[in-house]
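Participant: Can you read through this structure? Questions will come right after.
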Amino acid sequence: MSSPDVELAAEQEHLDLARQELARMREAAEALDASRASDAVSGEVLSRVLARRIVSLRDDPRTTLFFGRIDTVASREHPAGETFHIGRRHVSDGAGEPVVVDWRAPISGAFYRASVADPMGVVRRRRFGVEHGRLTAFEDEQLAAGTGAGHSALLAAEIERPRTGPMRDIVSTIQPEQDEIVRSDVGTTICVQGAPGTGKTAVGLHRAAWLLYSFRERLDRAGVLVIGPNRAFLDHIGAVLPSLGEVRVGHATIESLVGHRARLRAEDSPAVATLKGDARLATVLRRAVWSSVRRATEPLVVPRGVRKWRVPAYEVQDVLDELVARDVRYEAARALLPQRLAHHVLLAMEASGDAPDDRVQDSVATSGAVRAYVASVWPALDAAAVLHRLWSDPVALATAAGDDLTAAEQAVLGWPRPPRSKGASRWSRADLVLLDELADLLSRTPSLGHVILDEAQDLSPMQLRAVGRRCSTGSATILGDLAQGTTPWATSSWSEAMAHLGKPAYELVELERGFRVPGRVLDFAARLLPHMSEGLTPPTSVRDNPGVLTLVRVDGSSVGEHLARLLTDRDGEPGSTGVIAADLELDRLGEALQEWGVPHGRLDVDHGDDADHPVQLVPATVAKGLEFDRVVVVEPAAIAAAEPDERTGLRRLYVILTRAVSELTVLHADPLPGPLR
């Protein structure tokens with residue numbers, strides 16, 4: 001039996017070989033000439049494909065091409081068993097034999113799920129320690145012999161490895177329950193309820209990578225989109241999919257998803273925004289659109305030559321009723337109306353002995369008389385004009401509201417001083433979502449193949465509908481935590497949220513084991529749970545390292561100075577530090593750090609936790625979804641008080657307290673909120 005040093009050297013040789021083969025594959029891709037395609041369009045498509053291929057074959061010398069290995073049981077075809085090195089992408093030699101197997105390949109599933117109880121044909125599982133792109137150690141589990149390691153020091157070290165810059169992939173640390181979610185079928189919509197640090201965001205991103213690998217042709221055509229809570233979050237996760245070789249996934253926030261509908265020029269109060277996000281508004285808007293179809297009170301008269309052909313008003317009304325009942329989009333039905341009316345004109349012609357053909361019907365349908373009649377009974381609409389009328393005209397709003405909104409609610413929604421035109425309207429964030437709803441009522445929103453929605457618990461019913469429209473014929477992965485809802489309209493039920501999303505048939509999966517947040521930090525934050533909502537289960541940390549929790553009470557005038565001294569004392573420690581405070585406190589803290597010469601970035605300005613700024617000032621409202629090795633929370637009471645109500649304030653604080661990977665310091669002059677004392 002070879003010694004560990006000899007085996008490690010052999011594994012390093014295999015890694016060196018893999019790098020050589022990857023370089024060969026990249027050179028071969030770069031040598032391909034897209035200009036030799038049969039036509040210009042094909043050449044352009046081929047150029048894009050080759051560009052993606054070349055990017056996916058890029059080697060990162062800071063890491064390894066594989067992180068694990070499995071040895072399988074002997075078989076007739078392979079008497080000695082087979083060995084597979086599992087990595088972030090597939091690498092093959094010149095003969096096409098695999099040197100590294102993509103983590104998404106079916107055989108790789110055994111690396112994540114095999115156990116002593118169910119070895120899945122695996123004799124041995126090996127994990128590797130890595131430093132600066134070289135293998136430093138390995139760890140074996142002899143599954144067939146019933147001697148699984150149980151605890152993996154290398155796995156724990158990878159989870160706790162200091163982090164700077166954007167979020168990294170977890171491909172080497174995926175747990176069995178996470179892998180089941182990642183490899184769920186493309187047609188299945190999954191809802192993941194996950195406590196802080198359970199890896200739900202990473203699971204969603206890895207699911208996107210797996211789906212693109214397993215259903216490439218289908219999803220290349222239909223598209224995949226990741227929707228996050230804010231731009232800072234998208235910057236934070238932006239490197240994960242490219243590190244896995246996937247560069248074809250779109251990223252958006254709710255605001256950018258609907259922002260093309262109009263320019264954002266106003267802010268609603270929480271009460272108004274909550275009402276505009278209510279699901280009842282969908283019914284109100286539908287009624288506003290379809291009530292624009294008027295009753296036919298006059299016959300249609302179409303002159304042709306010396307004759308005039310008439311279609312009685314009652315026949316026209318039958319056509320209108322039939323189109324309304326078809327449940328198609330407003331503009332699609334409007335486009336059908338001229339041909340329907342022309343057909344009735346042709347029936348009248350045939351009854352008089354004429355024999356008109358399709359050309360005559362088309363001529364009638366495009367005639368001035370038919371166009372004018374269609375405009376009178378089925379007017380053209382645009383979303384902005386409809387919403388401008390609703391918020392400007394109390395009678396129009398009352399008609400559309402029916403029994404769905406009270407008079408008081410209608411008064412809240414209406415503009416006290418309406419703008420003269422839709423172009424002068426000052427639209428709010430909630431209005432943009434309503435404009436998106438109206439646009440879909442007029443013309444169907446195209447559906448993507450798969451949508452991944454993170455922090456879904458924070459979306460209003462109308463926002464959820466906007467997301468659902470983007471995957472109406474596809475599937476979705478919904479990620480969130482009911483305990484982390486930080487908006488006044490945050491959902492308290494996944495079944496309700498999924499219904500608004502248009503996905504009532506879904507699989508709910510709960511992730512309860514926390515890998516990111518250490519035990520002391522998680523236990524401290526969990527004190528808030530009973531005061532936020534009933535029935536919330538406290539999360540459990542499975543980290544061996546309990547982490548560091550420090551509560552520091554200081555004089556109110558010295559908060560900035562104390563923060564600067566604390567950061568100075570820890571200057572040079574590896575990893576990232578996030579200083580999270582109420583949004584209005586960021587300027588004051590930034591001035592203090594600048595005065596003391598503490599280098600730092602500011603997340604709402606720099607748009608991302610840049611590795612060049614290991615210390616980041618983070619507004620409380622954009623901290624969700626981020627993670628730092630060390631977190632300093634400044635004045636928790638002020639963070640909670642900045643929210644519109646106590647429940648939302650405590651939930652915001654719970655989110656912020658669970659951003660730390662190793663150490664949490666709470667710096668405060670004001671008393672801590674009651675549950676934390």
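Letters A, B, ... mark the chains of the structure tokens in the order given; residue numbers begin at 1 per chain; ligand numbers begin at 1, in order shown.
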List the spatial neighbours of Ala222 in chain A as number ranges by chain - criterion: any atom at most 10 Å away, only C-alpha atoms, same-chain residues fewer than 5 positions off excluded.
Facilitator: A: 216-217, 446-450, 471, 473-474
Participant: Run DSSP on the backbone and tell me which residues of range 69-270 of chain A come out as strand (DSSP E); list them as a VMD selection string.
Facilitator: chain A and resid 69 to 72 83 to 87 91 to 92 98 to 102 122 to 131 134 to 141 190 to 194 224 to 228 250 to 253
Participant: I'd like the neighbourhood of range 282-285 of chain A as a VMD selection string, where a residue qualifies if any of its atoms comes within 10 Å (using only C-alpha atoms), though same-chain residues fewer than 6 positions away should be ignored.
Facilitator: chain A and resid 276 291 383 386 to 387 390 397 to 405 434 to 435 437 to 438 441 461 to 462 465
Participant: Assign secondary structure with DSSP using the backbone only, and return the residues of range 13-253 of chain A in helix (DSSP H, G or I) as a PyMOL selection string.
Facilitator: chain A and resi 13-31+34-36+40-56+106-113+153-160+176-182+200-214+216-222+231-237+240-243
Participant: Just checking: using only C-alpha atoms, which residue out of A:Ala564, A:Ile639, A:Leu536, A:Val655 ends up closest to Leu584 in chain A?
Facilitator: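 Nearest candidate to Leu584 in chain A out of A:Ala564, A:Ile639, A:Leu536, A:Val655: A:Ile639.
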Participant: Skipping near chain neighbours, those fewer than 5 positions away, what residues fall within 8 Å of Val316 in chain A using only C-alpha atoms, listed as a list in words?
Facilitator: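 So, after excluding close chain neighbours, the residues are Ala296, Pro299, Leu300, Val311 and Leu341 of chain A.
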Participant: Could you list, with a cut-off of 12 Å and counting only C-alpha atoms, the residues of range 209-300 of chain A near range 47-52 of chain A, each shown with its nearest atom pair and the distance in Å rounded to one decimal, rows sorted by chain and ascending number, as JSON lines?
Facilitator:
{"residue": "A:Asp220", "atom": "CA", "partner": "A:Val49", "partner_atom": "CA", "distance": 10.7}
{"residue": "A:Pro242", "atom": "CA", "partner": "A:Arg52", "partner_atom": "CA", "distance": 10.2}
{"residue": "A:Gly245", "atom": "CA", "partner": "A:Arg52", "partner_atom": "CA", "distance": 8.7}
{"residue": "A:Glu246", "atom": "CA", "partner": "A:Arg52", "partner_atom": "CA", "distance": 8.3}
{"residue": "A:Val247", "atom": "CA", "partner": "A:Arg52", "partner_atom": "CA", "distance": 7.0}
{"residue": "A:Arg248", "atom": "CA", "partner": "A:Arg52", "partner_atom": "CA", "distance": 8.2}
{"residue": "A:Val249", "atom": "CA", "partner": "A:Arg52", "partner_atom": "CA", "distance": 11.8}
Participant: Which of these, A:Val123, A:Leu657, A:Leu135, A:Ala271, has the shortest distance to Phe66 in chain A once you count only C-alpha atoms?
Facilitator: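 Ranked by minimum distance to Phe66 in chain A, first place goes to A:Leu135.
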Participant: Which residue is closest to Arg24 in chain A? Choose from A:Gly94, A:Gly572, A:Gly560, A:Pro338 and count only C-alpha atoms.
Facilitator: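 The answer is A:Gly94, which sits nearest to Arg24 in chain A.
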Participant: Can you pull out every residue within 10 Å of range 591-597 of chain A, counting only C-alpha atoms, but drop anything in the same chain fewer than 3 positions away, and send it as a PyMOL selection string?
Facilitator: chain A and resi 558-565+567-568+586-588+600+617
Participant: When distances are computed from only C-alpha atoms, which of A:Ala156, A:Ala385, A:Ile174, A:Ile254 shows the smallest separation from Pro419 in chain A?
Facilitator: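 Nearest to Pro419 in chain A: A:Ala385.
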Participant: Applying 9 Å and only C-alpha atoms, which residues near range 326-329 of chain A remain after dropping the ones on its own chain fewer than 3 positions away? List them as a list in words.
Facilitator: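 My list of contacting residues is Asp321, Glu322, Leu323, Ala332, Ala333, Arg334, Asp440, Leu441, Leu442, Ser443 and Arg444 of chain A.
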Participant: With only C-alpha atoms as the atoms that count, which of A:Arg76, A:Arg295, A:His85, A:Arg516 lies nearest to Gln12 in chain A?
Facilitator: A:His85
Participant: When distances are computed from only C-alpha atoms, which of A:Asp583, A:Asp235, A:Asp569, A:Glu409 shows the smallest separation from Arg280 in chain A?
Facilitator: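 Of all the options, A:Glu409 lies closest to Arg280 in chain A.
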Participant: Quick one: everything within 9 Å of range 130-132 of chain A, counting only C-alpha atoms, minus sequence neighbours fewer than 6 positions away in the same chain. Send it as a list in words.
Facilitator: Pro61, Arg62, Thr63, Thr64, Phe67 and Glu158 of chain A
Participant: How would the residues just picked look written out with C-alpha atoms as a compact mmCIF listing (two decimals), in the first residue's frame?
Facilitator:
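Output below, filename part.txt:
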# COMPACT_ATOMS: atom_id res chain seq x y z
CA PRO A 61 -5.02 28.80 -11.01
CA ARG A 62 -6.26 29.72 -7.53
CA THR A 63 -8.34 26.56 -7.30
CA THR A 64 -8.24 23.00 -8.59
CA PHE A 67 -12.16 18.48 -5.44
CA GLU A 158 -13.71 24.56 3.19
Participant: Using 12 Å as the limit and counting only C-alpha atoms, can you tabulate each residue of range 261-323 of chain A that touches range 349-353 of chain A, with its shortest atom-to-atom distance in Å and the two atoms involved, as CSV?
Facilitator:
residue,atom,partner,partner_atom,distance
A:Val302,CA,A:Met349,CA,11.2
A:Pro303,CA,A:Met349,CA,11.9
A:Arg304,CA,A:Met349,CA,10.6
A:Arg307,CA,A:Met349,CA,10.3
A:Lys308,CA,A:Met349,CA,10.1
A:Trp309,CA,A:Met349,CA,7.6
A:Arg310,CA,A:Met349,CA,9.7
A:Val311,CA,A:Met349,CA,10.8
